[in-house]
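Novice: Input file: structure.pdb. Contents: PDB, C-alpha atoms, pLDDT in the B column.
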ATOM      1  CA  MET A   1     -22.223 151.980  83.439  1.00 79.00           C
ATOM      2  CA  LYS A   2     -22.826 149.523  80.620  1.00 94.00           C
ATOM      3  CA  LYS A   3     -25.510 149.946  77.994  1.00 98.00           C
ATOM      4  CA  THR A   4     -26.411 147.890  74.943  1.00 98.00           C
ATOM      5  CA  PHE A   5     -27.810 149.672  71.901  1.00 98.00           C
ATOM      6  CA  TYR A   6     -29.643 147.909  69.091  1.00 98.00           C
ATOM      7  CA  PHE A   7     -29.505 150.256  66.094  1.00 98.00           C
ATOM      8  CA  ILE A   8     -31.766 149.356  63.171  1.00 98.00           C
ATOM      9  CA  ARG A   9     -32.794 151.014  59.952  1.00 98.00           C
ATOM     10  CA  HIS A  10     -36.530 151.376  59.306  1.00 98.00           C
ATOM     11  CA  GLY A  11     -38.481 148.941  57.118  1.00 97.00           C
ATOM     12  CA  GLN A  12     -39.012 149.380  53.397  1.00 96.00           C
ATOM     13  CA  THR A  13     -41.272 152.076  51.954  1.00 96.00           C
ATOM     14  CA  ASP A  14     -42.727 152.372  48.464  1.00 93.00           C
ATOM     15  CA  LEU A  15     -40.396 155.302  47.872  1.00 89.00           C
ATOM     16  CA  ASN A  16     -37.407 153.043  48.666  1.00 86.00           C
ATOM     17  CA  LEU A  17     -38.748 150.611  46.091  1.00 83.00           C
ATOM     18  CA  LYS A  18     -39.370 153.262  43.434  1.00 85.00           C
ATOM     19  CA  GLY A  19     -36.037 155.031  43.881  1.00 84.00           C
ATOM     20  CA  ILE A  20     -37.611 158.245  45.190  1.00 88.00           C
ATOM     21  CA  VAL A  21     -35.251 160.304  47.337  1.00 90.00           C
ATOM     22  CA  GLN A  22     -36.280 160.168  50.991  1.00 92.00           C
ATOM     23  CA  GLY A  23     -34.673 162.439  53.500  1.00 92.00           C
ATOM     24  CA  ARG A  24     -35.605 164.274  56.626  1.00 95.00           C
ATOM     25  CA  GLY A  25     -38.406 166.111  54.863  1.00 92.00           C
ATOM     26  CA  VAL A  26     -40.211 163.097  53.368  1.00 92.00           C
ATOM     27  CA  ASN A  27     -42.529 161.324  55.813  1.00 95.00           C
ATOM     28  CA  SER A  28     -43.517 158.127  54.007  1.00 95.00           C
ATOM     29  CA  PRO A  29     -45.136 155.027  55.566  1.00 96.00           C
ATOM     30  CA  LEU A  30     -43.899 151.454  55.350  1.00 97.00           C
ATOM     31  CA  ASN A  31     -45.175 149.321  52.488  1.00 96.00           C
ATOM     32  CA  GLN A  32     -46.366 145.727  52.915  1.00 96.00           C
ATOM     33  CA  ASN A  33     -42.842 144.361  52.653  1.00 96.00           C
ATOM     34  CA  GLY A  34     -41.637 146.904  55.211  1.00 97.00           C
ATOM     35  CA  LEU A  35     -44.358 145.828  57.632  1.00 97.00           C
ATOM     36  CA  GLN A  36     -43.282 142.204  57.169  1.00 97.00           C
ATOM     37  CA  GLN A  37     -39.656 143.183  57.830  1.00 98.00           C
ATOM     38  CA  ALA A  38     -40.748 144.935  61.023  1.00 98.00           C
ATOM     39  CA  GLN A  39     -42.681 141.844  62.080  1.00 98.00           C
ATOM     40  CA  ALA A  40     -39.667 139.627  61.359  1.00 98.00           C
ATOM     41  CA  PHE A  41     -37.391 141.838  63.448  1.00 98.00           C
ATOM     42  CA  TYR A  42     -39.915 141.789  66.276  1.00 98.00           C
ATOM     43  CA  GLU A  43     -40.188 138.001  66.225  1.00 97.00           C
ATOM     44  CA  ALA A  44     -36.396 137.685  66.375  1.00 97.00           C
ATOM     45  CA  TYR A  45     -35.833 140.227  69.170  1.00 98.00           C
ATOM     46  CA  LYS A  46     -39.023 140.343  71.250  1.00 98.00           C
ATOM     47  CA  HIS A  47     -37.197 138.356  73.957  1.00 98.00           C
ATOM     48  CA  ILE A  48     -34.817 141.269  74.574  1.00 98.00           C
ATOM     49  CA  PRO A  49     -35.944 143.219  77.683  1.00 98.00           C
ATOM     50  CA  PHE A  50     -35.720 146.668  76.100  1.00 98.00           C
ATOM     51  CA  ASP A  51     -36.010 149.488  78.608  1.00 98.00           C
ATOM     52  CA  LYS A  52     -36.709 152.167  76.000  1.00 98.00           C
ATOM     53  CA  ILE A  53     -37.152 152.679  72.278  1.00 98.00           C
ATOM     54  CA  TYR A  54     -35.798 155.772  70.548  1.00 99.00           C
ATOM     55  CA  THR A  55     -36.880 156.700  67.018  1.00 98.00           C
ATOM     56  CA  SER A  56     -36.632 159.592  64.622  1.00 98.00           C
ATOM     57  CA  THR A  57     -39.622 161.905  64.245  1.00 98.00           C
ATOM     58  CA  LEU A  58     -40.612 160.165  61.003  1.00 98.00           C
ATOM     59  CA  LEU A  59     -43.473 157.689  60.559  1.00 98.00           C
ATOM     60  CA  ARG A  60     -41.418 154.925  58.961  1.00 98.00           C
ATOM     61  CA  THR A  61     -39.357 154.472  62.128  1.00 98.00           C
ATOM     62  CA  HIS A  62     -42.441 154.550  64.371  1.00 98.00           C
ATOM     63  CA  GLN A  63     -44.128 151.824  62.330  1.00 98.00           C
ATOM     64  CA  THR A  64     -41.003 149.663  62.369  1.00 98.00           C
ATOM     65  CA  VAL A  65     -40.997 149.390  66.171  1.00 98.00           C
ATOM     66  CA  GLN A  66     -44.780 149.405  66.706  1.00 98.00           C
ATOM     67  CA  HIS A  67     -44.921 145.767  67.844  1.00 98.00           C
ATOM     68  CA  PHE A  68     -42.539 146.543  70.700  1.00 98.00           C
ATOM     69  CA  VAL A  69     -44.573 149.617  71.637  1.00 98.00           C
ATOM     70  CA  ASN A  70     -47.679 147.423  71.688  1.00 98.00           C
ATOM     71  CA  ASP A  71     -45.883 145.301  74.281  1.00 98.00           C
ATOM     72  CA  GLY A  72     -45.689 148.345  76.518  1.00 98.00           C
ATOM     73  CA  ILE A  73     -42.107 149.439  75.915  1.00 98.00           C
ATOM     74  CA  PRO A  74     -41.954 153.260  76.110  1.00 98.00           C
ATOM     75  CA  MET A  75     -40.909 155.096  72.938  1.00 98.00           C
ATOM     76  CA  ILE A  76     -39.422 158.560  72.562  1.00 98.00           C
ATOM     77  CA  GLU A  77     -38.729 160.343  69.288  1.00 98.00           C
ATOM     78  CA  LEU A  78     -35.599 162.448  68.898  1.00 98.00           C
ATOM     79  CA  SER A  79     -35.054 164.824  65.991  1.00 98.00           C
ATOM     80  CA  GLY A  80     -31.344 164.015  66.185  1.00 98.00           C
ATOM     81  CA  LEU A  81     -32.185 160.565  64.789  1.00 98.00           C
ATOM     82  CA  ASP A  82     -33.875 161.956  61.656  1.00 98.00           C
ATOM     83  CA  GLU A  83     -32.424 161.145  58.255  1.00 97.00           C
ATOM     84  CA  ILE A  84     -30.007 163.590  56.654  1.00 97.00           C
ATOM     85  CA  SER A  85     -31.747 166.268  54.602  1.00 97.00           C
ATOM     86  CA  TRP A  86     -31.215 165.795  50.882  1.00 95.00           C
ATOM     87  CA  GLY A  87     -32.446 169.326  50.157  1.00 95.00           C
ATOM     88  CA  ILE A  88     -33.795 169.961  46.668  1.00 94.00           C
ATOM     89  CA  TYR A  89     -33.579 166.245  45.786  1.00 94.00           C
ATOM     90  CA  GLU A  90     -36.130 165.111  48.369  1.00 93.00           C
ATOM     91  CA  GLY A  91     -39.278 163.553  46.954  1.00 91.00           C
ATOM     92  CA  LYS A  92     -37.792 163.329  43.448  1.00 92.00           C
ATOM     93  CA  GLU A  93     -37.089 160.246  41.364  1.00 90.00           C
ATOM     94  CA  GLN A  94     -33.433 159.326  41.071  1.00 87.00           C
ATOM     95  CA  ASN A  95     -32.978 160.162  37.387  1.00 90.00           C
ATOM     96  CA  GLN A  96     -29.602 160.497  35.721  1.00 91.00           C
ATOM     97  CA  GLU A  97     -29.179 164.138  36.709  1.00 90.00           C
ATOM     98  CA  ILE A  98     -29.918 163.488  40.385  1.00 90.00           C
ATOM     99  CA  LEU A  99     -27.796 160.338  40.457  1.00 89.00           C
ATOM    100  CA  ALA A 100     -24.889 162.328  39.023  1.00 92.00           C
ATOM    101  CA  GLY A 101     -25.411 165.018  41.659  1.00 89.00           C
ATOM    102  CA  PHE A 102     -25.483 162.409  44.409  1.00 87.00           C
ATOM    103  CA  GLU A 103     -22.307 160.812  43.140  1.00 91.00           C
ATOM    104  CA  GLN A 104     -20.498 164.136  43.065  1.00 94.00           C
ATOM    105  CA  VAL A 105     -21.494 164.980  46.644  1.00 94.00           C
ATOM    106  CA  VAL A 106     -20.822 161.494  48.032  1.00 93.00           C
ATOM    107  CA  ASN A 107     -17.406 161.439  46.363  1.00 95.00           C
ATOM    108  CA  SER A 108     -16.664 164.768  48.027  1.00 97.00           C
ATOM    109  CA  TRP A 109     -17.651 163.262  51.365  1.00 98.00           C
ATOM    110  CA  ARG A 110     -15.289 160.367  50.726  1.00 97.00           C
ATOM    111  CA  ASN A 111     -12.587 162.999  50.238  1.00 98.00           C
ATOM    112  CA  ASN A 112     -13.401 164.362  53.697  1.00 98.00           C
ATOM    113  CA  GLU A 113     -15.303 167.420  52.433  1.00 98.00           C
ATOM    114  CA  LEU A 114     -17.887 166.925  55.168  1.00 98.00           C
ATOM    115  CA  ASP A 115     -19.289 170.455  55.257  1.00 98.00           C
ATOM    116  CA  LEU A 116     -20.656 169.980  51.730  1.00 97.00           C
ATOM    117  CA  ALA A 117     -24.403 169.452  51.284  1.00 96.00           C
ATOM    118  CA  ILE A 118     -26.978 169.146  48.523  1.00 94.00           C
ATOM    119  CA  LEU A 119     -28.509 172.586  47.884  1.00 93.00           C
ATOM    120  CA  GLU A 120     -30.868 173.414  50.781  1.00 96.00           C
ATOM    121  CA  GLY A 121     -29.809 170.139  52.410  1.00 96.00           C
ATOM    122  CA  GLU A 122     -27.615 169.054  55.284  1.00 97.00           C
ATOM    123  CA  SER A 123     -23.928 168.222  55.502  1.00 98.00           C
ATOM    124  CA  PRO A 124     -22.527 165.218  57.387  1.00 98.00           C
ATOM    125  CA  ASN A 125     -20.893 167.541  59.918  1.00 98.00           C
ATOM    126  CA  ALA A 126     -24.225 169.258  60.595  1.00 98.00           C
ATOM    127  CA  LEU A 127     -25.878 165.868  61.007  1.00 98.00           C
ATOM    128  CA  VAL A 128     -23.209 164.732  63.473  1.00 98.00           C
ATOM    129  CA  LEU A 129     -23.953 167.732  65.685  1.00 98.00           C
ATOM    130  CA  ARG A 130     -27.612 166.865  66.087  1.00 98.00           C
ATOM    131  CA  GLN A 131     -26.821 163.162  66.450  1.00 98.00           C
ATOM    132  CA  GLN A 132     -24.467 163.953  69.314  1.00 98.00           C
ATOM    133  CA  VAL A 133     -27.325 165.676  71.143  1.00 98.00           C
ATOM    134  CA  ALA A 134     -29.493 162.563  70.680  1.00 98.00           C
ATOM    135  CA  ILE A 135     -26.758 160.223  71.903  1.00 98.00           C
ATOM    136  CA  GLN A 136     -26.122 162.385  74.957  1.00 98.00           C
ATOM    137  CA  THR A 137     -29.832 162.277  75.780  1.00 98.00           C
ATOM    138  CA  MET A 138     -29.804 158.473  75.613  1.00 98.00           C
ATOM    139  CA  LEU A 139     -26.636 158.123  77.664  1.00 98.00           C
ATOM    140  CA  GLU A 140     -28.009 160.347  80.414  1.00 97.00           C
ATOM    141  CA  GLN A 141     -30.758 157.801  81.137  1.00 97.00           C
ATOM    142  CA  LYS A 142     -28.741 155.823  83.680  1.00 93.00           C
ATOM    143  CA  GLN A 143     -31.523 153.328  84.406  1.00 96.00           C
ATOM    144  CA  GLU A 144     -31.759 152.158  80.766  1.00 98.00           C
ATOM    145  CA  GLN A 145     -29.508 149.219  79.923  1.00 98.00           C
ATOM    146  CA  GLU A 146     -31.078 147.679  76.802  1.00 98.00           C
ATOM    147  CA  VAL A 147     -32.057 150.276  74.204  1.00 98.00           C
ATOM    148  CA  LEU A 148     -33.594 149.929  70.738  1.00 99.00           C
ATOM    149  CA  VAL A 149     -32.882 152.767  68.288  1.00 99.00           C
ATOM    150  CA  CYS A 150     -34.666 152.971  64.925  1.00 98.00           C
ATOM    151  CA  MET A 151     -33.374 155.465  62.377  1.00 98.00           C
ATOM    152  CA  HIS A 152     -32.381 155.852  58.720  1.00 97.00           C
ATOM    153  CA  GLY A 153     -29.810 154.556  56.259  1.00 96.00           C
ATOM    154  CA  ARG A 154     -27.414 157.443  55.657  1.00 96.00           C
ATOM    155  CA  ALA A 155     -27.880 158.771  59.176  1.00 98.00           C
ATOM    156  CA  LEU A 156     -27.110 155.347  60.644  1.00 98.00           C
ATOM    157  CA  ARG A 157     -23.899 155.035  58.648  1.00 98.00           C
ATOM    158  CA  ILE A 158     -22.737 158.415  59.891  1.00 98.00           C
ATOM    159  CA  MET A 159     -23.784 157.618  63.461  1.00 98.00           C
ATOM    160  CA  LEU A 160     -21.774 154.384  63.461  1.00 98.00           C
ATOM    161  CA  CYS A 161     -18.688 156.267  62.315  1.00 98.00           C
ATOM    162  CA  HIS A 162     -18.519 158.867  65.033  1.00 96.00           C
ATOM    163  CA  LEU A 163     -19.627 156.485  67.790  1.00 98.00           C
ATOM    164  CA  THR A 164     -16.873 153.987  67.014  1.00 98.00           C
ATOM    165  CA  GLY A 165     -14.068 156.367  66.076  1.00 97.00           C
ATOM    166  CA  VAL A 166     -14.211 155.698  62.329  1.00 98.00           C
ATOM    167  CA  PRO A 167     -13.678 158.817  60.194  1.00 98.00           C
ATOM    168  CA  VAL A 168     -17.043 160.000  58.895  1.00 98.00           C
ATOM    169  CA  CYS A 169     -15.609 160.071  55.360  1.00 98.00           C
ATOM    170  CA  LYS A 170     -15.614 156.244  55.541  1.00 98.00           C
ATOM    171  CA  MET A 171     -19.381 156.050  56.141  1.00 97.00           C
ATOM    172  CA  ASP A 172     -19.943 153.889  53.061  1.00 96.00           C
ATOM    173  CA  GLU A 173     -17.951 151.073  54.660  1.00 96.00           C
ATOM    174  CA  PHE A 174     -21.015 150.334  56.810  1.00 98.00           C
ATOM    175  CA  PRO A 175     -23.569 148.421  54.707  1.00 96.00           C
ATOM    176  CA  HIS A 176     -27.255 148.908  55.371  1.00 92.00           C
ATOM    177  CA  THR A 177     -30.567 147.501  54.275  1.00 96.00           C
ATOM    178  CA  ASN A 178     -34.062 147.840  55.698  1.00 97.00           C
ATOM    179  CA  THR A 179     -34.222 146.625  59.348  1.00 98.00           C
ATOM    180  CA  ALA A 180     -30.551 145.561  59.377  1.00 98.00           C
ATOM    181  CA  LEU A 181     -29.146 145.526  62.921  1.00 98.00           C
ATOM    182  CA  TYR A 182     -25.945 146.897  64.428  1.00 98.00           C
ATOM    183  CA  LYS A 183     -25.600 146.008  68.100  1.00 98.00           C
ATOM    184  CA  LEU A 184     -23.249 148.230  70.101  1.00 98.00           C
ATOM    185  CA  GLU A 185     -22.097 148.085  73.687  1.00 98.00           C
ATOM    186  CA  TYR A 186     -21.249 151.237  75.624  1.00 98.00           C
ATOM    187  CA  GLU A 187     -18.881 150.912  78.559  1.00 97.00           C
ATOM    188  CA  HIS A 188     -16.033 153.015  79.987  1.00 95.00           C
ATOM    189  CA  ASP A 189     -17.147 155.937  77.779  1.00 95.00           C
ATOM    190  CA  GLN A 190     -16.635 153.928  74.598  1.00 97.00           C
ATOM    191  CA  PHE A 191     -18.860 152.274  72.001  1.00 98.00           C
ATOM    192  CA  SER A 192     -17.937 148.978  70.367  1.00 98.00           C
ATOM    193  CA  ILE A 193     -19.807 146.962  67.728  1.00 98.00           C
ATOM    194  CA  VAL A 194     -20.621 143.458  68.952  1.00 98.00           C
ATOM    195  CA  ASP A 195     -23.007 142.448  66.154  1.00 98.00           C
ATOM    196  CA  TYR A 196     -22.248 143.824  62.697  1.00 98.00           C
ATOM    197  CA  TYR A 197     -24.948 144.182  60.028  1.00 98.00           C
ATOM    198  CA  ASN A 198     -27.153 141.354  61.221  1.00 98.00           C
ATOM    199  CA  THR A 199     -29.983 140.509  58.793  1.00 97.00           C
ATOM    200  CA  LYS A 200     -30.696 136.923  59.876  1.00 97.00           C
ATOM    201  CA  HIS A 201     -34.256 137.835  60.846  1.00 97.00           C
ATOM    202  CA  LEU A 202     -34.961 138.561  57.168  1.00 97.00           C
ATOM    203  CA  ASP A 203     -34.049 135.029  56.074  1.00 94.00           C
ATOM    204  CA  ARG A 204     -37.534 133.681  56.759  1.00 82.00           C
ATOM    205  CA  LEU A 205     -39.050 136.318  54.460  1.00 87.00           C
ATOM    206  CA  VAL A 206     -36.863 135.075  51.615  1.00 70.00           C
ATOM    207  CA  ASN A 207     -37.787 131.461  52.351  1.00 60.00           C
ATOM    208  CA  GLU A 208     -41.527 131.997  52.610  1.00 53.00           C
TER     209      GLU A 208
END
Would you give me this structure, written as structure tokens?

Specialist:
Amino acid sequence: MKKTFYFIRHGQTDLNLKGIVQGRGVNSPLNQNGLQQAQAFYEAYKHIPFDKIYTSTLLRTHQTVQHFVNDGIPMIELSGLDEISWGIYEGKEQNQEILAGFEQVVNSWRNNELDLAILEGESPNALVLRQQVAIQTMLEQKQEQEVLVCMHGRALRIMLCHLTGVPVCKMDEFPHTNTALYKLEYEHDQFSIVDYYNTKHLDRLVNE
């Protein structure tokens, strides 16, 4: 069985722009630029015969793939695709205190301390567990060969690690920006990246 997965991050939100911490508990909509990014991705990939779209439970992922849904492609939301929970930092502006807290936690993750979380938040290891449930759900759909998955920045980095055998502590080696694409093929029980951090669809927004 061979499947092709198109993993993208959601489009931009005003909270992205303002440096407000968004996690699993912040359900913000796309801003005008985010809607344009979603449109640009659609124009570049509407020729792909997607069998199914999977998103997180959060509005910003739903809006990012809405054009494909309008074309009649079925969409299912999976909580395993939600962003990591940033606990007490969610919804707050990234001031010096919060930035210092982030840096301390992320540095710990880089040192493989993957059970560590922001207070009341979620650790990378906890996130991996719910992501594995989501992946298993998608893999069980034998009839689906071309799959679009829309999720979130930190969650996507962590997902790419454990799908491709990269230690989760190296998550920051995967760059991400709004609507950036990672295309993965699944065959013989293994995932491999065949298109790495593709943002070509965003070029026309820069040139307009």

Novice: In terms of the shortest atom-to-atom distance over all atoms listed in the file, which of A:Arg110, A:Lys18, A:His62, A:Lys3 is closest to Ala38 in chain A?

Specialist: A:His62

Novice: Of the residues A:His188, A:His176, A:Lys170, A:Arg204, which is the one nearest to Phe41 in chain A, using all atoms listed in the file?

Specialist: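 Among the listed residues, A:Arg204 lies closest to Phe41 in chain A.
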
Novice: Closest to Gln22 in chain A among A:Met151, A:Leu116, A:Ile84, A:Leu184, using only C-alpha atoms?

Specialist: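 Going through A:Met151, A:Leu116, A:Ile84, A:Leu184 one by one, the smallest distance to Gln22 in chain A is for A:Ile84.
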
Novice: I'd like to know which of A:Met1, A:Met159, A:Val21, A:Ile88 is closest to Val133 in chain A, using only C-alpha atoms.

Specialist: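 Checking each candidate against Val133 in chain A, we get A:Met159 as the closest.
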
Novice: Where does the PyMOL selection byres ((chain A and resi 155) around 8) land in this file, that is, which residues does it pick, as a list in words?

Specialist: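 Checked against the file, the PyMOL selection byres ((chain A and resi 155) around 8) matches Leu81, Asp82, Glu83, Ile84, Leu127, Met151, His152, Gly153, Arg154, Leu156, Arg157, Ile158 and Met159 of chain A.
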
Novice: Mind writing the picked residues with C-alpha atoms as a PDB file, keeping the file's coordinate frame?

Specialist:
ATOM      1  CA  LEU A  81     -32.185 160.565  64.789  1.00 98.00           C
ATOM      2  CA  ASP A  82     -33.875 161.956  61.656  1.00 98.00           C
ATOM      3  CA  GLU A  83     -32.424 161.145  58.255  1.00 97.00           C
ATOM      4  CA  ILE A  84     -30.007 163.590  56.654  1.00 97.00           C
ATOM      5  CA  LEU A 127     -25.878 165.868  61.007  1.00 98.00           C
ATOM      6  CA  MET A 151     -33.374 155.465  62.377  1.00 98.00           C
ATOM      7  CA  HIS A 152     -32.381 155.852  58.720  1.00 97.00           C
ATOM      8  CA  GLY A 153     -29.810 154.556  56.259  1.00 96.00           C
ATOM      9  CA  ARG A 154     -27.414 157.443  55.657  1.00 96.00           C
ATOM     10  CA  LEU A 156     -27.110 155.347  60.644  1.00 98.00           C
ATOM     11  CA  ARG A 157     -23.899 155.035  58.648  1.00 98.00           C
ATOM     12  CA  ILE A 158     -22.737 158.415  59.891  1.00 98.00           C
ATOM     13  CA  MET A 159     -23.784 157.618  63.461  1.00 98.00           C
TER      14      MET A 159
END

Novice: Nearest to Ile98 in chain A among A:Ile20, A:Tyr186, A:Met75, A:Gly34, with distances taken over only C-alpha atoms: which residue is it?

Specialist: A:Ile20

Novice: Quote the spacing between CA of Leu163 in chain A and CA of Ser108 in chain A in Å to one decimal place.

Specialist: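 Distance reported for this atom pair: 21.6 Å.
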
Novice: Written as a PyMOL selection string, what is the full residue list that the PyMOL selection byres ((chain A and resi 105) around 12) yields on the file shown?

Specialist: chain A and resi 86+98-104+106-119+121-124+169

Novice: Between A:Glu77, A:Leu30, A:Arg24, A:Leu202, which has the minimum distance to Glu120 in chain A (counting all atoms listed in the file)?

Specialist: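 Among the listed residues, the smallest separation from Glu120 in chain A belongs to A:Arg24.
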
Novice: In Å, how far is it from CA of Met171 in chain A to CA of Asn198 in chain A?

Specialist: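 That distance, rounded to one decimal, is 17.4 Å.
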
Novice: Once the PyMOL selection byres ((chain A and resi 181) around 12) has been applied to the shown file, what residues remain in the selection, as a PyMOL selection string?

Specialist: chain A and resi 5-11+37-38+41-42+44-45+148-153+156-157+160+174-180+182-184+193-202

Novice: Rounded to one decimal in Å, what is the spacing between CA of Pro74 in chain A and CA of Thr13 in chain A?

Specialist: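 Going from CA of Pro74 in chain A over to CA of Thr13 in chain A, I get 24.2 Å.
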
Novice: With range 134-141 of chain A as the partner and 9 Å as the cut-off, tabulate the residues of range 45-113 of chain A that qualify, each row holding the nearest pair of atoms and their distance in Å to one decimal, using only C-alpha atoms, sorted by chain and rising number, as a Markdown table.

Specialist:
| residue | atom | partner | partner_atom | distance |
| --- | --- | --- | --- | --- |
| A:Tyr54 | CA | A:Met138 | CA | 8.3 |
| A:Leu78 | CA | A:Ala134 | CA | 6.4 |
| A:Ser79 | CA | A:Ala134 | CA | 7.6 |
| A:Gly80 | CA | A:Ala134 | CA | 5.1 |
| A:Leu81 | CA | A:Ala134 | CA | 6.8 |

Novice: Would you mind completing range 142-156 of chain A to N, CA and C atoms and writing the output as an mmCIF file, in the coordinates of the input?

Specialist:
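Output saved as selection-v5.cif:
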data_model
loop_
_atom_site.group_PDB
_atom_site.id
_atom_site.type_symbol
_atom_site.label_atom_id
_atom_site.label_comp_id
_atom_site.auth_asym_id
_atom_site.auth_seq_id
_atom_site.Cartn_x
_atom_site.Cartn_y
_atom_site.Cartn_z
ATOM 1 N N LYS A 142 -29.591 156.809 83.009
ATOM 2 C CA LYS A 142 -28.741 155.823 83.680
ATOM 3 C C LYS A 142 -29.458 154.499 83.922
ATOM 4 N N GLN A 143 -30.786 154.542 84.062
ATOM 5 C CA GLN A 143 -31.523 153.328 84.406
ATOM 6 C C GLN A 143 -31.777 152.434 83.193
ATOM 7 N N GLU A 144 -31.490 152.933 81.990
ATOM 8 C CA GLU A 144 -31.759 152.158 80.766
ATOM 9 C C GLU A 144 -30.515 151.377 80.351
ATOM 10 N N GLN A 145 -30.652 150.060 80.277
ATOM 11 C CA GLN A 145 -29.508 149.219 79.923
ATOM 12 C C GLN A 145 -29.630 148.603 78.537
ATOM 13 N N GLU A 146 -30.843 148.260 78.128
ATOM 14 C CA GLU A 146 -31.078 147.679 76.802
ATOM 15 C C GLU A 146 -31.944 148.658 76.018
ATOM 16 N N VAL A 147 -31.399 149.180 74.922
ATOM 17 C CA VAL A 147 -32.057 150.276 74.204
ATOM 18 C C VAL A 147 -32.167 149.924 72.714
ATOM 19 N N LEU A 148 -33.357 150.116 72.167
ATOM 20 C CA LEU A 148 -33.594 149.929 70.738
ATOM 21 C C LEU A 148 -33.682 151.294 70.073
ATOM 22 N N VAL A 149 -32.917 151.485 68.999
ATOM 23 C CA VAL A 149 -32.882 152.767 68.288
ATOM 24 C C VAL A 149 -33.214 152.514 66.823
ATOM 25 N N CYS A 150 -34.275 153.137 66.326
ATOM 26 C CA CYS A 150 -34.666 152.971 64.925
ATOM 27 C C CYS A 150 -34.477 154.289 64.193
ATOM 28 N N MET A 151 -33.683 154.241 63.116
ATOM 29 C CA MET A 151 -33.374 155.465 62.377
ATOM 30 C C MET A 151 -33.285 155.182 60.885
ATOM 31 N N HIS A 152 -32.369 155.821 60.184
ATOM 32 C CA HIS A 152 -32.381 155.852 58.720
ATOM 33 C C HIS A 152 -31.004 155.506 58.152
ATOM 34 N N GLY A 153 -31.000 155.113 56.866
ATOM 35 C CA GLY A 153 -29.810 154.556 56.259
ATOM 36 C C GLY A 153 -28.558 155.417 56.311
ATOM 37 N N ARG A 154 -28.606 156.583 55.690
ATOM 38 C CA ARG A 154 -27.414 157.443 55.657
ATOM 39 C C ARG A 154 -27.083 157.943 57.063
ATOM 40 N N ALA A 155 -28.110 158.297 57.810
ATOM 41 C CA ALA A 155 -27.880 158.771 59.176
ATOM 42 C C ALA A 155 -27.241 157.686 60.042
ATOM 43 N N LEU A 156 -27.670 156.441 59.854
ATOM 44 C CA LEU A 156 -27.110 155.347 60.644
ATOM 45 C C LEU A 156 -25.637 155.131 60.310
#
